Amino acid sequence: MSQSDELTQPADTMQERTGESGVKMWFLITANRWIVTGVLSLAMFGLVVLFNVVGPTNVQRILGSQEVGNVFGSVIIAVVTGVSLILAIAQLVLSEQMGPLGEKQDEMRDQIEFRDNVEKRIDDDVSPAAPSAFLRTLIGAVSSQARTFKDLVEDNDNDVDTYALVEYAESIIDHGETVGEELENTTFGSFEVIMPVLDYNYSWKIVAGRRLKAEYAGSITEEAEEALEELIGSLRFFAPAREYFKMVYFQWEINNIARGVLYASIPSLAIAAYMILAFDPHQVSGYTLALHNRYLFVGLVYTVSLLPFTVVLAYILRIVTVTQRTLALGPFILRETQRESEFD
């Protein structure tokens with residue numbers, strides 16, 4: 001293995017590392033969830049219209065009063081069941097915030113101990129309290145240690161090619177500056193705090209650093225080896241910090257899901273009740289683009305009545321996507337784009 005090939009620097013963003021399109025990443029992760037809800041609703045309505053166009057239909061027979069009542073009766077059952085399930089999940093999340101005093105003391109002790117350990121690494125008496133500022137400070141400390149390591153390597157008197165070491169340090173510095181700028185002026189609760197953290201590929205940095213440490217053992221000064229070990233040690237703090245804030249963010253998102261479903265369920269149930277009790281399909285006549293207005297109206301109302309479901313789907317898409325991207329904790333790389341061949 002040549003020193004010039006032992007580092008295959010992955011891209012700085014999760015989108016580039018996975019090779020997925022910007023539109024897909026926008027839809028799954030970065031877009032406002034209410035916009036995604038609207039997109040899903042439009043897609044559902046479009047499919048309803050498409051099936052009417054390509055499939056054999058009889059609008060006069062299908063959209064009788066009894067058929068419409070049966071359809072929206074099922075909607076009421078589904079919405080009530082779904083709302084009850086979401087509220088049960090929200091109560092489960094709430095129950096995690098409750099517990100005996102001793103358990104809360106242990107949790108508080110763990111958090112204080114972790115902050116103390118981080119403060120020793122960042123050489124600061126008190127680390128920031130805001131999640132975005134805390135993560136930005138930790139990344140800044142890693143970048144500062146990378147600069148120290150780079151300077152020590154460049155001053156190495158031994159006749160050793162240190163290009164890979166310098167490249168490794170520079171990649172950490174450059175990426176840390178980019179992520180730090182993205183975290184600046186962000187507020188917890190918005191996905192703007194989580195997205196830059198997902199881009200920060202600490203796993204690769206740890207694995208590559210350990211590989212270089214073993215490769216150059218005895219070839220660089222003792223001070224440089226100690227600086228590299230300190231750099232790797234600081235990177236190890238990023239994993240638990242990210243996982244903790246990710247867990248808290250998921251709890252925040254579940255509360256948003258519950259709130260969104262409650263907001264959408266009231267008009268959904270009201271619309272379904274109207275369609276069962278008072279709607280007369282024979283009062284809707286005429287055609288639009290060769291489609292019967294009766295079918296278009298019922299399809300549109302049906303799509304709106306399913307808003308609680310589409311709200312849940314929009315939020316769950318983001319949660320499961322983020323979870324899939326962050327399954328491994330520590331120096332394990334699961335993505336196919338970062339195979340072992342990148343290090344061998």
# chains A, B, ... in the order shown; residues from 1 in each chain; ligands from 1
$ residues_around --residues "Gly299 (chain A)" --least-positions-apart "4" --cutoff "8 Å" --atoms "only C-alpha atoms" --output "list in words"
Phe45, Val48, Val49, Tyr295 and Thr303 of chain A
$ write_last_selection --atoms "C-alpha atoms" --output "PDB file, in the first residue's frame"
ATOM      1  CA  PHE A  45     -54.559  12.881  -6.111  1.00  0.00           C
ATOM      2  CA  VAL A  48     -56.413   8.755  -8.355  1.00  0.00           C
ATOM      3  CA  VAL A  49     -56.875  10.731 -11.596  1.00  0.00           C
ATOM      4  CA  TYR A 295     -64.960  11.980  -9.760  1.00  0.00           C
ATOM      5  CA  THR A 303     -57.037  13.189  -0.656  1.00  0.00           C
TER       6      THR A 303
END
$ closest_residue --among "A:Leu92, A:Ala227, A:Ile271, A:Ala164" --to "Phe149 (chain A)" --atoms "only C-alpha atoms"
A:Ala227
$ closest_residue --among "A:Glu107, A:Glu230, A:Glu20, A:Glu67" --to "Pro281 (chain A)" --atoms "only C-alpha atoms"
A:Glu67
$ residues_around --residues "region 74-77 of chain A" --least-positions-apart "5" --cutoff "12 Å" --atoms "only C-alpha atoms" --output "list in words"
Glu67, Val68, Gly69, Gly82, Val83, Ser84, Ser265, Ile266, Pro267, Ser268, Leu269, Ala270, Ile271, Ala272, Ala273, Tyr274, Met275, Ile276, Val301, Tyr302, Thr303, Val304, Ser305, Leu306, Leu307, Pro308 and Phe309 of chain A
$ atom_distance --atom1 "CA of Leu28 (chain A)" --atom2 "CA of Arg318 (chain A)"
5.3 Å
$ select_by_dssp --residues "region 58-303 of chain A" --states "helix (DSSP H, G or I)" --output "PyMOL selection string"
chain A and resi 59-62+65-96+101-122+131-154+163-183+194-199+202-215+222-236+238-277+281-283+293-303
$ atom_distance --atom1 "CA of Leu313 (chain A)" --atom2 "CA of Ala43 (chain A)"
12.9 Å
$ residues_around --residues "region 120-131 of chain A" --least-positions-apart "6" --cutoff "7 Å" --atoms "only C-alpha atoms" --output "list of chain:residue names"
A:Leu138, A:Ala141, A:Phe188, A:Ser234
$ closest_residue --among "A:Pro100, A:Ala88, A:Leu235, A:Glu167" --to "Ser144 (chain A)" --atoms "only C-alpha atoms"
A:Leu235
$ closest_residue --among "A:Thr326, A:Ala314, A:Leu47, A:Val207" --to "Asn32 (chain A)" --atoms "only C-alpha atoms"
A:Ala314
$ atom_distance --atom1 "CA of Arg115 (chain A)" --atom2 "CA of Tyr244 (chain A)"
12.4 Å
$ residues_around --residues "Ile35 (chain A)" --least-positions-apart "4" --cutoff "12 Å" --atoms "only C-alpha atoms" --output "number ranges by chain"
A: 26-31, 39-42, 310-311, 314-315
$ residues_around --residues "Thr221 (chain A)" --least-positions-apart "2" --cutoff "10 Å" --atoms "only C-alpha atoms" --output "MDAnalysis selection string"
chainID A and resid 152:153 155:158 216:219 223:227
$ write_last_selection --atoms "N, CA and C atoms" --output "PDB file, in the first residue's frame"
ATOM      1  N   LEU A 152       3.488  19.904  13.323  1.00  0.00           N
ATOM      2  CA  LEU A 152       4.519  18.992  13.826  1.00  0.00           C
ATOM      3  C   LEU A 152       5.017  18.056  12.736  1.00  0.00           C
ATOM      4  N   VAL A 153       4.112  17.608  11.877  1.00  0.00           N
ATOM      5  CA  VAL A 153       4.493  16.706  10.791  1.00  0.00           C
ATOM      6  C   VAL A 153       5.361  17.432   9.772  1.00  0.00           C
ATOM      7  N   ASP A 155       7.299  19.823  10.299  1.00  0.00           N
ATOM      8  CA  ASP A 155       8.613  20.107  10.878  1.00  0.00           C
ATOM      9  C   ASP A 155       9.405  18.838  11.156  1.00  0.00           C
ATOM     10  N   ASN A 156       8.873  17.701  10.702  1.00  0.00           N
ATOM     11  CA  ASN A 156       9.536  16.420  10.966  1.00  0.00           C
ATOM     12  C   ASN A 156      10.907  16.373  10.283  1.00  0.00           C
ATOM     13  N   ASP A 157      11.928  16.019  11.064  1.00  0.00           N
ATOM     14  CA  ASP A 157      13.287  15.979  10.540  1.00  0.00           C
ATOM     15  C   ASP A 157      13.628  14.655   9.871  1.00  0.00           C
ATOM     16  N   ASN A 158      12.845  13.616  10.136  1.00  0.00           N
ATOM     17  CA  ASN A 158      13.131  12.308   9.552  1.00  0.00           C
ATOM     18  C   ASN A 158      12.874  12.324   8.053  1.00  0.00           C
ATOM     19  N   TYR A 216       2.733   5.014  10.374  1.00  0.00           N
ATOM     20  CA  TYR A 216       3.875   5.910  10.570  1.00  0.00           C
ATOM     21  C   TYR A 216       4.473   5.800  11.976  1.00  0.00           C
ATOM     22  N   ALA A 217       4.125   4.760  12.712  1.00  0.00           N
ATOM     23  CA  ALA A 217       4.676   4.594  14.056  1.00  0.00           C
ATOM     24  C   ALA A 217       6.203   4.501  13.992  1.00  0.00           C
ATOM     25  N   GLY A 218       6.856   5.364  14.740  1.00  0.00           N
ATOM     26  CA  GLY A 218       8.303   5.384  14.754  1.00  0.00           C
ATOM     27  C   GLY A 218       8.934   6.175  13.633  1.00  0.00           C
ATOM     28  N   SER A 219       8.141   6.610  12.662  1.00  0.00           N
ATOM     29  CA  SER A 219       8.686   7.362  11.528  1.00  0.00           C
ATOM     30  C   SER A 219       8.573   8.862  11.726  1.00  0.00           C
ATOM     31  N   GLU A 223       6.241  13.785  19.539  1.00  0.00           N
ATOM     32  CA  GLU A 223       5.242  14.838  19.720  1.00  0.00           C
ATOM     33  C   GLU A 223       4.137  14.737  18.662  1.00  0.00           C
ATOM     34  N   ALA A 224       4.514  14.421  17.429  1.00  0.00           N
ATOM     35  CA  ALA A 224       3.516  14.275  16.364  1.00  0.00           C
ATOM     36  C   ALA A 224       2.612  13.080  16.621  1.00  0.00           C
ATOM     37  N   GLU A 225       3.198  11.977  17.119  1.00  0.00           N
ATOM     38  CA  GLU A 225       2.384  10.800  17.422  1.00  0.00           C
ATOM     39  C   GLU A 225       1.394  11.103  18.550  1.00  0.00           C
ATOM     40  N   GLU A 226       1.846  11.830  19.552  1.00  0.00           N
ATOM     41  CA  GLU A 226       0.951  12.200  20.647  1.00  0.00           C
ATOM     42  C   GLU A 226      -0.151  13.143  20.164  1.00  0.00           C
ATOM     43  N   ALA A 227       0.192  14.057  19.254  1.00  0.00           N
ATOM     44  CA  ALA A 227      -0.810  14.972  18.712  1.00  0.00           C
ATOM     45  C   ALA A 227      -1.864  14.212  17.900  1.00  0.00           C
TER      46      ALA A 227
END
$ closest_residue --among "A:Asn52, A:Thr323, A:Thr148, A:Thr178" --to "Val166 (chain A)" --atoms "only C-alpha atoms"
A:Thr148
